[in-house]
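Undergrad: So I've got this file, entry-v6.cif, and it contains mmCIF, N, CA and C atoms:
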data_target
loop_
_atom_site.label_atom_id
_atom_site.label_comp_id
_atom_site.auth_asym_id
_atom_site.auth_seq_id
_atom_site.Cartn_x
_atom_site.Cartn_y
_atom_site.Cartn_z
N MET A 29 32.41 116.96 81.69
CA MET A 29 32.85 116.14 82.78
C MET A 29 33.80 115.05 82.28
N ILE A 30 33.50 114.43 81.17
CA ILE A 30 34.36 113.39 80.62
C ILE A 30 35.70 113.97 80.21
N GLU A 31 35.72 115.12 79.61
CA GLU A 31 36.96 115.76 79.18
C GLU A 31 37.84 116.08 80.38
N GLU A 32 37.23 116.49 81.48
CA GLU A 32 37.98 116.82 82.68
C GLU A 32 38.68 115.58 83.24
N ASN A 33 38.02 114.43 83.25
CA ASN A 33 38.61 113.18 83.73
C ASN A 33 39.75 112.73 82.82
N GLU A 34 39.57 112.90 81.51
CA GLU A 34 40.63 112.53 80.56
C GLU A 34 41.86 113.42 80.76
N MET A 35 41.67 114.69 81.02
CA MET A 35 42.78 115.62 81.25
C MET A 35 43.53 115.24 82.53
N LYS A 36 42.77 114.85 83.57
CA LYS A 36 43.40 114.44 84.82
C LYS A 36 44.27 113.21 84.59
N LYS A 37 43.78 112.26 83.79
CA LYS A 37 44.55 111.05 83.48
C LYS A 37 45.82 111.41 82.71
N ILE A 38 45.72 112.32 81.76
CA ILE A 38 46.88 112.75 80.98
C ILE A 38 47.90 113.44 81.89
N TYR A 39 47.43 114.35 82.74
CA TYR A 39 48.33 115.03 83.69
C TYR A 39 49.01 114.02 84.62
N ALA A 40 48.27 113.04 85.11
CA ALA A 40 48.82 112.03 86.01
C ALA A 40 49.89 111.20 85.29
N ALA A 41 49.61 110.84 84.04
CA ALA A 41 50.57 110.05 83.26
C ALA A 41 51.85 110.85 82.99
N VAL A 42 51.72 112.12 82.63
CA VAL A 42 52.89 112.97 82.39
C VAL A 42 53.69 113.15 83.68
N PHE A 43 52.99 113.38 84.78
CA PHE A 43 53.65 113.54 86.07
C PHE A 43 54.44 112.28 86.44
N ALA A 44 53.81 111.11 86.26
CA ALA A 44 54.47 109.84 86.57
C ALA A 44 55.70 109.64 85.68
N PHE A 45 55.57 109.99 84.42
CA PHE A 45 56.68 109.87 83.46
C PHE A 45 57.86 110.75 83.87
N VAL A 46 57.58 112.01 84.19
CA VAL A 46 58.63 112.95 84.60
C VAL A 46 59.26 112.49 85.91
N LEU A 47 58.45 112.08 86.87
CA LEU A 47 58.96 111.61 88.15
C LEU A 47 59.85 110.37 87.96
N GLY A 48 59.43 109.46 87.11
CA GLY A 48 60.21 108.26 86.84
C GLY A 48 61.59 108.58 86.28
N PHE A 49 61.66 109.48 85.31
CA PHE A 49 62.95 109.85 84.74
C PHE A 49 63.82 110.62 85.73
N THR A 50 63.20 111.40 86.58
CA THR A 50 63.95 112.13 87.60
C THR A 50 64.60 111.14 88.56
N LEU A 51 63.86 110.15 88.99
CA LEU A 51 64.40 109.14 89.90
C LEU A 51 65.50 108.32 89.23
N LEU A 52 65.34 108.03 87.95
CA LEU A 52 66.39 107.30 87.21
C LEU A 52 67.68 108.11 87.16
N GLY A 53 67.55 109.41 87.03
CA GLY A 53 68.72 110.28 86.99
C GLY A 53 69.50 110.22 88.30
N PHE A 54 68.79 110.17 89.43
CA PHE A 54 69.45 110.10 90.72
C PHE A 54 70.04 108.72 90.98
N ALA A 55 69.49 107.70 90.37
CA ALA A 55 69.94 106.33 90.61
C ALA A 55 71.18 105.95 89.80
N GLN A 56 71.63 106.81 88.91
CA GLN A 56 72.80 106.50 88.11
C GLN A 56 74.02 106.34 88.98
N ASP A 57 74.94 105.47 88.56
CA ASP A 57 76.18 105.21 89.28
C ASP A 57 77.12 106.38 89.10
N THR A 58 77.51 107.02 90.19
CA THR A 58 78.42 108.16 90.12
C THR A 58 79.80 107.79 90.65
N SER A 59 80.05 106.52 90.93
CA SER A 59 81.33 106.12 91.51
C SER A 59 82.46 106.10 90.49
N SER A 60 82.16 106.17 89.20
CA SER A 60 83.22 106.10 88.20
C SER A 60 84.17 107.29 88.30
N GLY A 61 83.71 108.44 88.71
CA GLY A 61 84.57 109.60 88.87
C GLY A 61 85.54 109.42 90.03
N SER A 62 85.05 108.91 91.16
CA SER A 62 85.92 108.70 92.31
C SER A 62 86.83 107.49 92.11
N SER A 63 86.42 106.57 91.27
CA SER A 63 87.23 105.39 90.97
C SER A 63 88.52 105.79 90.26
N ALA A 64 88.43 106.76 89.36
CA ALA A 64 89.61 107.21 88.65
C ALA A 64 90.62 107.85 89.59
N SER A 65 90.14 108.65 90.55
CA SER A 65 91.06 109.27 91.50
C SER A 65 91.65 108.23 92.44
N THR A 66 90.88 107.20 92.80
CA THR A 66 91.39 106.13 93.64
C THR A 66 92.47 105.36 92.90
N ASP A 67 92.25 105.08 91.61
CA ASP A 67 93.24 104.39 90.80
C ASP A 67 94.55 105.17 90.74
N LYS A 68 94.46 106.50 90.65
CA LYS A 68 95.66 107.34 90.61
C LYS A 68 96.40 107.25 91.93
N LYS A 69 95.67 107.26 93.04
CA LYS A 69 96.29 107.17 94.36
C LYS A 69 97.00 105.83 94.53
N VAL A 70 96.35 104.75 94.08
CA VAL A 70 96.95 103.42 94.18
C VAL A 70 98.22 103.36 93.33
N ALA A 71 98.15 103.88 92.11
CA ALA A 71 99.33 103.87 91.23
C ALA A 71 100.47 104.68 91.85
N LYS A 72 100.15 105.80 92.45
CA LYS A 72 101.16 106.64 93.09
C LYS A 72 101.80 105.90 94.26
N ALA A 73 100.98 105.23 95.08
CA ALA A 73 101.49 104.47 96.23
C ALA A 73 102.39 103.34 95.77
N GLU A 74 101.98 102.63 94.71
CA GLU A 74 102.78 101.52 94.20
C GLU A 74 104.11 102.00 93.64
N LYS A 75 104.09 103.14 92.97
CA LYS A 75 105.32 103.70 92.41
C LYS A 75 106.28 104.09 93.53
N LYS A 76 105.74 104.70 94.58
CA LYS A 76 106.55 105.11 95.73
C LYS A 76 107.17 103.89 96.42
N GLU A 77 106.38 102.83 96.57
CA GLU A 77 106.86 101.59 97.18
C GLU A 77 107.98 100.98 96.36
N ALA A 78 107.80 100.94 95.04
CA ALA A 78 108.81 100.35 94.15
C ALA A 78 110.11 101.14 94.21
N LYS A 79 109.99 102.45 94.26
CA LYS A 79 111.17 103.32 94.32
C LYS A 79 111.94 103.10 95.63
N ALA A 80 111.22 103.01 96.74
CA ALA A 80 111.86 102.78 98.03
C ALA A 80 112.52 101.41 98.08
N ALA A 81 111.87 100.41 97.52
CA ALA A 81 112.42 99.06 97.50
C ALA A 81 113.70 99.01 96.66
N GLU A 82 113.67 99.70 95.53
CA GLU A 82 114.82 99.73 94.63
C GLU A 82 116.05 100.35 95.31
N LYS A 83 115.81 101.40 96.09
CA LYS A 83 116.90 102.10 96.77
C LYS A 83 117.26 101.48 98.12
N GLY A 84 116.46 100.51 98.58
CA GLY A 84 116.72 99.88 99.87
C GLY A 84 116.40 100.78 101.05
N LYS A 85 115.53 101.75 100.83
CA LYS A 85 115.15 102.69 101.90
C LYS A 85 113.96 102.15 102.69
N ASP A 86 113.89 102.61 103.94
CA ASP A 86 112.73 102.29 104.77
C ASP A 86 111.52 103.08 104.29
N MET A 87 110.36 102.48 104.46
CA MET A 87 109.10 103.16 104.14
C MET A 87 108.22 103.14 105.36
N ARG A 88 107.46 104.19 105.51
CA ARG A 88 106.45 104.24 106.58
C ARG A 88 105.10 103.95 105.94
N LEU A 89 104.46 102.90 106.42
CA LEU A 89 103.18 102.47 105.87
C LEU A 89 102.17 102.31 107.00
N THR A 90 100.91 102.49 106.67
CA THR A 90 99.82 102.26 107.61
C THR A 90 98.95 101.16 107.04
N GLY A 91 98.58 100.21 107.88
CA GLY A 91 97.75 99.11 107.40
C GLY A 91 97.37 98.16 108.53
N TRP A 92 97.01 96.96 108.14
CA TRP A 92 96.51 95.95 109.06
C TRP A 92 97.41 94.73 109.05
N VAL A 93 97.62 94.15 110.22
CA VAL A 93 98.31 92.86 110.32
C VAL A 93 97.20 91.81 110.29
N LYS A 94 97.34 90.88 109.38
CA LYS A 94 96.27 89.90 109.16
C LYS A 94 96.89 88.52 109.02
N GLU A 95 96.23 87.52 109.56
CA GLU A 95 96.73 86.16 109.42
C GLU A 95 96.17 85.57 108.12
N GLU A 96 97.07 85.03 107.31
CA GLU A 96 96.67 84.49 106.01
C GLU A 96 97.49 83.24 105.73
N GLY A 97 96.85 82.12 105.64
CA GLY A 97 97.55 80.87 105.35
C GLY A 97 98.53 80.46 106.43
N GLY A 98 98.20 80.73 107.69
CA GLY A 98 99.05 80.32 108.80
C GLY A 98 100.20 81.26 109.10
N LYS A 99 100.31 82.36 108.36
CA LYS A 99 101.37 83.33 108.65
C LYS A 99 100.78 84.73 108.61
N ASP A 100 101.48 85.67 109.25
CA ASP A 100 101.01 87.05 109.28
C ASP A 100 101.44 87.79 108.02
N VAL A 101 100.54 88.64 107.53
CA VAL A 101 100.83 89.49 106.38
C VAL A 101 100.43 90.92 106.74
N PHE A 102 100.96 91.88 106.01
CA PHE A 102 100.62 93.29 106.20
C PHE A 102 99.81 93.73 105.00
N VAL A 103 98.62 94.32 105.25
CA VAL A 103 97.76 94.82 104.18
C VAL A 103 97.80 96.35 104.23
N ASN A 104 98.40 96.95 103.20
CA ASN A 104 98.58 98.39 103.13
C ASN A 104 97.24 99.09 102.94
N ASP A 105 97.01 100.16 103.71
CA ASP A 105 95.77 100.94 103.60
C ASP A 105 95.62 101.60 102.23
N LYS A 106 96.71 102.13 101.69
CA LYS A 106 96.61 102.92 100.45
C LYS A 106 96.24 102.10 99.24
N ASP A 107 96.94 101.00 99.01
CA ASP A 107 96.69 100.24 97.78
C ASP A 107 96.09 98.86 98.02
N LYS A 108 95.83 98.53 99.29
CA LYS A 108 95.21 97.26 99.68
C LYS A 108 96.04 96.05 99.27
N GLN A 109 97.33 96.25 99.01
CA GLN A 109 98.20 95.13 98.67
C GLN A 109 98.61 94.39 99.93
N SER A 110 98.72 93.10 99.79
CA SER A 110 99.12 92.24 100.90
C SER A 110 100.62 91.93 100.75
N TRP A 111 101.40 92.19 101.82
CA TRP A 111 102.84 91.96 101.82
C TRP A 111 103.17 90.86 102.83
N ASP A 112 103.98 89.88 102.43
CA ASP A 112 104.47 88.88 103.38
C ASP A 112 105.42 89.59 104.34
N ILE A 113 105.45 89.14 105.58
CA ILE A 113 106.33 89.74 106.58
C ILE A 113 107.49 88.78 106.83
N SER A 114 108.70 89.25 106.52
CA SER A 114 109.90 88.42 106.66
C SER A 114 110.20 88.08 108.11
N ASN A 115 110.10 89.05 108.99
CA ASN A 115 110.38 88.83 110.41
C ASN A 115 109.07 88.77 111.20
N GLN A 116 108.46 87.59 111.19
CA GLN A 116 107.15 87.36 111.81
C GLN A 116 107.12 87.75 113.29
N ASP A 117 108.25 87.59 113.98
CA ASP A 117 108.30 87.90 115.41
C ASP A 117 108.05 89.38 115.69
N ALA A 118 108.32 90.26 114.72
CA ALA A 118 108.12 91.70 114.91
C ALA A 118 106.65 92.09 115.01
N VAL A 119 105.76 91.25 114.50
CA VAL A 119 104.33 91.57 114.52
C VAL A 119 103.54 90.60 115.40
N LYS A 120 104.23 89.73 116.12
CA LYS A 120 103.58 88.74 116.98
C LYS A 120 102.63 89.44 117.95
N GLY A 121 101.40 88.98 118.03
CA GLY A 121 100.41 89.54 118.94
C GLY A 121 99.65 90.73 118.37
N HIS A 122 99.95 91.12 117.14
CA HIS A 122 99.27 92.26 116.53
C HIS A 122 98.30 91.85 115.42
N GLU A 123 97.99 90.57 115.32
CA GLU A 123 97.06 90.08 114.32
C GLU A 123 95.71 90.78 114.49
N GLY A 124 95.19 91.35 113.39
CA GLY A 124 93.91 92.04 113.44
C GLY A 124 94.01 93.50 113.87
N HIS A 125 95.22 93.98 114.14
CA HIS A 125 95.39 95.36 114.59
C HIS A 125 95.73 96.29 113.43
N HIS A 126 95.30 97.53 113.57
CA HIS A 126 95.63 98.60 112.63
C HIS A 126 96.93 99.22 113.13
N VAL A 127 97.98 99.21 112.30
CA VAL A 127 99.31 99.61 112.75
C VAL A 127 100.01 100.52 111.75
N LYS A 128 101.04 101.20 112.25
CA LYS A 128 101.97 101.94 111.41
C LYS A 128 103.27 101.16 111.47
N VAL A 129 103.91 100.94 110.32
CA VAL A 129 105.19 100.25 110.33
C VAL A 129 106.24 101.07 109.59
N LYS A 130 107.47 100.89 110.03
CA LYS A 130 108.63 101.41 109.30
C LYS A 130 109.31 100.13 108.83
N ALA A 131 109.42 99.96 107.51
CA ALA A 131 109.89 98.67 107.01
C ALA A 131 110.66 98.84 105.69
N LYS A 132 111.49 97.85 105.43
CA LYS A 132 112.18 97.76 104.14
C LYS A 132 111.36 96.83 103.25
N LEU A 133 111.12 97.27 102.03
CA LEU A 133 110.31 96.48 101.10
C LEU A 133 111.22 95.70 100.16
N ASP A 134 110.79 94.50 99.80
CA ASP A 134 111.50 93.68 98.83
C ASP A 134 110.49 93.32 97.73
N GLU A 135 110.59 94.03 96.60
CA GLU A 135 109.64 93.83 95.49
C GLU A 135 109.80 92.45 94.86
N SER A 136 111.01 91.86 94.90
CA SER A 136 111.25 90.58 94.22
C SER A 136 110.36 89.46 94.75
N ASN A 137 110.14 89.43 96.06
CA ASN A 137 109.26 88.40 96.62
C ASN A 137 108.06 89.01 97.36
N HIS A 138 107.81 90.29 97.12
CA HIS A 138 106.68 91.03 97.69
C HIS A 138 106.58 90.83 99.20
N SER A 139 107.72 91.12 99.86
CA SER A 139 107.75 90.99 101.32
C SER A 139 108.31 92.27 101.92
N LEU A 140 108.14 92.39 103.23
CA LEU A 140 108.72 93.52 103.94
C LEU A 140 109.34 93.03 105.24
N THR A 141 110.35 93.77 105.67
CA THR A 141 111.00 93.50 106.94
C THR A 141 110.67 94.67 107.87
N VAL A 142 109.95 94.39 108.94
CA VAL A 142 109.50 95.43 109.86
C VAL A 142 110.64 95.85 110.78
N ASP A 143 110.97 97.16 110.75
CA ASP A 143 111.96 97.72 111.67
C ASP A 143 111.30 98.26 112.92
N LYS A 144 110.10 98.85 112.75
CA LYS A 144 109.39 99.45 113.88
C LYS A 144 107.89 99.30 113.64
N LEU A 145 107.16 98.99 114.69
CA LEU A 145 105.70 98.85 114.60
C LEU A 145 105.07 99.69 115.70
N THR A 146 104.07 100.50 115.34
CA THR A 146 103.33 101.32 116.29
C THR A 146 101.85 101.06 116.09
N MET A 147 101.16 100.82 117.19
CA MET A 147 99.71 100.61 117.12
C MET A 147 99.03 101.94 116.83
N MET A 148 97.97 101.91 116.03
CA MET A 148 97.16 103.10 115.80
C MET A 148 96.35 103.37 117.07
N LYS A 149 95.84 104.59 117.20
CA LYS A 149 95.05 104.96 118.38
C LYS A 149 93.82 104.07 118.48
N GLN A 150 93.30 103.94 119.70
CA GLN A 150 92.18 103.05 119.98
C GLN A 150 90.97 103.31 119.08
N LYS A 151 90.65 104.58 118.80
CA LYS A 151 89.47 104.87 117.98
C LYS A 151 89.65 104.39 116.55
N LYS A 152 90.89 104.29 116.08
CA LYS A 152 91.14 103.80 114.73
C LYS A 152 91.13 102.28 114.68
N GLN A 153 91.28 101.63 115.84
CA GLN A 153 91.24 100.17 115.92
C GLN A 153 89.81 99.66 115.78
N ALA A 154 88.84 100.48 116.15
CA ALA A 154 87.45 100.05 116.16
C ALA A 154 86.95 99.71 114.77
N GLY A 155 87.44 100.42 113.74
CA GLY A 155 87.01 100.14 112.38
C GLY A 155 87.61 98.86 111.87
N GLU A 156 86.80 98.08 111.16
CA GLU A 156 87.31 96.83 110.59
C GLU A 156 88.11 97.13 109.35
N MET A 157 88.99 96.20 108.99
CA MET A 157 89.78 96.36 107.80
C MET A 157 88.87 96.38 106.59
N LYS A 158 89.04 97.39 105.74
CA LYS A 158 88.24 97.49 104.53
C LYS A 158 88.89 96.65 103.45
N THR A 159 88.06 95.90 102.74
CA THR A 159 88.59 95.07 101.67
C THR A 159 88.12 95.59 100.33
N LYS A 160 88.88 95.27 99.31
CA LYS A 160 88.52 95.70 97.95
C LYS A 160 87.30 94.93 97.49
N SER A 161 86.36 95.62 96.90
CA SER A 161 85.15 94.95 96.41
C SER A 161 85.21 94.79 94.93
#
If you took the structure in this file and wrote it as structure tokens, what would it be?
TA:
Amino acid sequence: MIEENEMKKIYAAVFAFVLGFTLLGFAQDTSSGSSASTDKKVAKAEKKEAKAAEKGKDMRLTGWVKEEGGKDVFVNDKDKQSWDISNQDAVKGHEGHHVKVKAKLDESNHSLTVDKLTMMKQKKQAGEMKTKS
């Protein structure tokens, strides 16, 4: 009878040990793999923006119009960069909205001049602007 109780305790301890390590395996951070692909996407977006700015071409960007320091800025969805808006009147009334813009970028002062602004569909407006953590 005593041996049977000792065996049960040993089995319980081994089971708890195995279960603990199994749970630790699931709790590991797996975001490092997706972080690398996100970094590549951001680098690609930044390169594309720089190239368009250098050539003086218009770019089509999707992002949020946000008020920052008393003026409106555009926050790009792809790389989460904040761009000053040269022609503030073009975005008047769109603060807090998710928009598509056609704009000329100026890398020297990190600003853009909006040529055309289109509001995103209503269902895309419902989501709040995601910020970098």
Undergrad: Find the smallest box with edges along x, y and z containing every listed atom of region 122-127 of chain A, then add 6 Å on each side and report centre and edge lengths in Å to one decimal, as AutoDock Vina command-line options.
TA:
--center_x 97.0 --center_y 95.3 --center_z 114.4 --size_x 18.1 --size_y 22.4 --size_z 17.4
Undergrad: I want to know what sits within 9 Å of Leu133 (chain A), based on only C-alpha atoms, with residues of the same chain fewer than 5 positions away left out; could you give that as a CSV table (one decimal) with N, CA and C atoms, keeping the file's coordinate frame?
TA:
chain,number,residue,atom,x,y,z
A,77,GLU,N,106.4,102.8,96.6
A,77,GLU,CA,106.9,101.6,97.2
A,77,GLU,C,108.0,101.0,96.4
A,78,ALA,N,107.8,100.9,95.0
A,78,ALA,CA,108.8,100.4,94.2
A,78,ALA,C,110.1,101.1,94.2
A,80,ALA,N,111.2,103.0,96.7
A,80,ALA,CA,111.9,102.8,98.0
A,80,ALA,C,112.5,101.4,98.1
A,81,ALA,N,111.9,100.4,97.5
A,81,ALA,CA,112.4,99.1,97.5
A,81,ALA,C,113.7,99.0,96.7
A,82,GLU,N,113.7,99.7,95.5
A,82,GLU,CA,114.8,99.7,94.6
A,82,GLU,C,116.0,100.4,95.3
A,84,GLY,N,116.5,100.5,98.6
A,84,GLY,CA,116.7,99.9,99.9
A,84,GLY,C,116.4,100.8,101.0
A,85,LYS,N,115.5,101.8,100.8
A,85,LYS,CA,115.2,102.7,101.9
A,85,LYS,C,114.0,102.2,102.7
A,86,ASP,N,113.9,102.6,103.9
A,86,ASP,CA,112.7,102.3,104.8
A,86,ASP,C,111.5,103.1,104.3
A,87,MET,N,110.4,102.5,104.5
A,87,MET,CA,109.1,103.2,104.1
A,87,MET,C,108.2,103.1,105.4
A,111,TRP,N,101.4,92.2,101.8
A,111,TRP,CA,102.8,92.0,101.8
A,111,TRP,C,103.2,90.9,102.8
A,138,HIS,N,107.8,90.3,97.1
A,138,HIS,CA,106.7,91.0,97.7
A,138,HIS,C,106.6,90.8,99.2
A,139,SER,N,107.7,91.1,99.9
A,139,SER,CA,107.8,91.0,101.3
A,139,SER,C,108.3,92.3,101.9
A,140,LEU,N,108.1,92.4,103.2
A,140,LEU,CA,108.7,93.5,103.9
A,140,LEU,C,109.3,93.0,105.2
A,141,THR,N,110.4,93.8,105.7
A,141,THR,CA,111.0,93.5,106.9
A,141,THR,C,110.7,94.7,107.9
A,142,VAL,N,110.0,94.4,108.9
A,142,VAL,CA,109.5,95.4,109.9
A,142,VAL,C,110.6,95.8,110.8
Undergrad: In Å, with one decimal, what is the gap from CA of Lys106 (chain A) to CA of Glu123 (chain A)?
TA: 18.9 Å
Undergrad: Tell me, counting only C-alpha atoms, for each residue of region 110-156 of chain A within 12 Å of region 96-105 of chain A, which pair of atoms is nearest and how far apart they are in Å to one decimal, in rows ordered by chain and increasing number, as a Markdown table.
TA:
| residue | atom | partner | partner_atom | distance |
| --- | --- | --- | --- | --- |
| A:Ser110 | CA | A:Val103 | CA | 4.4 |
| A:Trp111 | CA | A:Phe102 | CA | 5.1 |
| A:Asp112 | CA | A:Val101 | CA | 4.8 |
| A:Ile113 | CA | A:Val101 | CA | 5.5 |
| A:Ser114 | CA | A:Val101 | CA | 9.1 |
| A:Asn115 | CA | A:Asp100 | CA | 9.6 |
| A:Gln116 | CA | A:Asp100 | CA | 6.6 |
| A:Asp117 | CA | A:Asp100 | CA | 9.6 |
| A:Ala118 | CA | A:Asp100 | CA | 10.2 |
| A:Val119 | CA | A:Asp100 | CA | 7.7 |
| A:Lys120 | CA | A:Asp100 | CA | 8.3 |
| A:Gly121 | CA | A:Asp100 | CA | 10.0 |
| A:His122 | CA | A:Asp100 | CA | 9.1 |
| A:Glu123 | CA | A:Asp100 | CA | 7.1 |
| A:Gly124 | CA | A:Asp100 | CA | 9.6 |
| A:His125 | CA | A:Phe102 | CA | 10.1 |
| A:His126 | CA | A:Asp105 | CA | 9.3 |
| A:Val127 | CA | A:Phe102 | CA | 9.2 |
| A:Lys128 | CA | A:Asn104 | CA | 9.6 |
| A:Val129 | CA | A:Phe102 | CA | 9.3 |
| A:Lys130 | CA | A:Phe102 | CA | 11.8 |
| A:Ala131 | CA | A:Phe102 | CA | 10.7 |
| A:Leu133 | CA | A:Phe102 | CA | 11.4 |
| A:His138 | CA | A:Val101 | CA | 10.6 |
| A:Ser139 | CA | A:Val101 | CA | 8.7 |
| A:Leu140 | CA | A:Phe102 | CA | 8.4 |
| A:Thr141 | CA | A:Phe102 | CA | 10.4 |
| A:Val142 | CA | A:Phe102 | CA | 9.8 |
| A:Leu145 | CA | A:Phe102 | CA | 11.3 |
| A:Glu156 | CA | A:Asp105 | CA | 11.7 |
Undergrad: Taking the DSSP assignment computed from this structure's backbone, write out as a PyMOL selection string all residues of region 77-153 of chain A that belong to strand (DSSP E).
TA: chain A and resi 86-96+99-104+110-113+126-134+139-147
Undergrad: Atom C of Phe49 (chain A) and CA of Asn33 (chain A) are how many Å apart?
TA: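 Result for atom C of Phe49 (chain A) versus CA of Asn33 (chain A): 25.4 Å, one decimal.
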Undergrad: So how far away is CA of Val70 (chain A) from CA of Leu89 (chain A), in Å?
TA: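 One can read the CA of Leu89 (chain A) to CA of Val70 (chain A) distance as 13.3 Å.
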Undergrad: From the list A:Glu32, A:Gln150, A:Asp107, A:Asn137, which residue is nearest Glu74 (chain A) when using only N, CA and C atoms?
TA: A:Asp107
Undergrad: Mind checking DSSP for region 89-135 of chain A and telling me the helix (DSSP H, G or I) residues as a list in words?
TA: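 So the helix (DSSP H, G or I) residues in region 89-135 of chain A would be Gln116, Asp117, Ala118 and Val119 of chain A.
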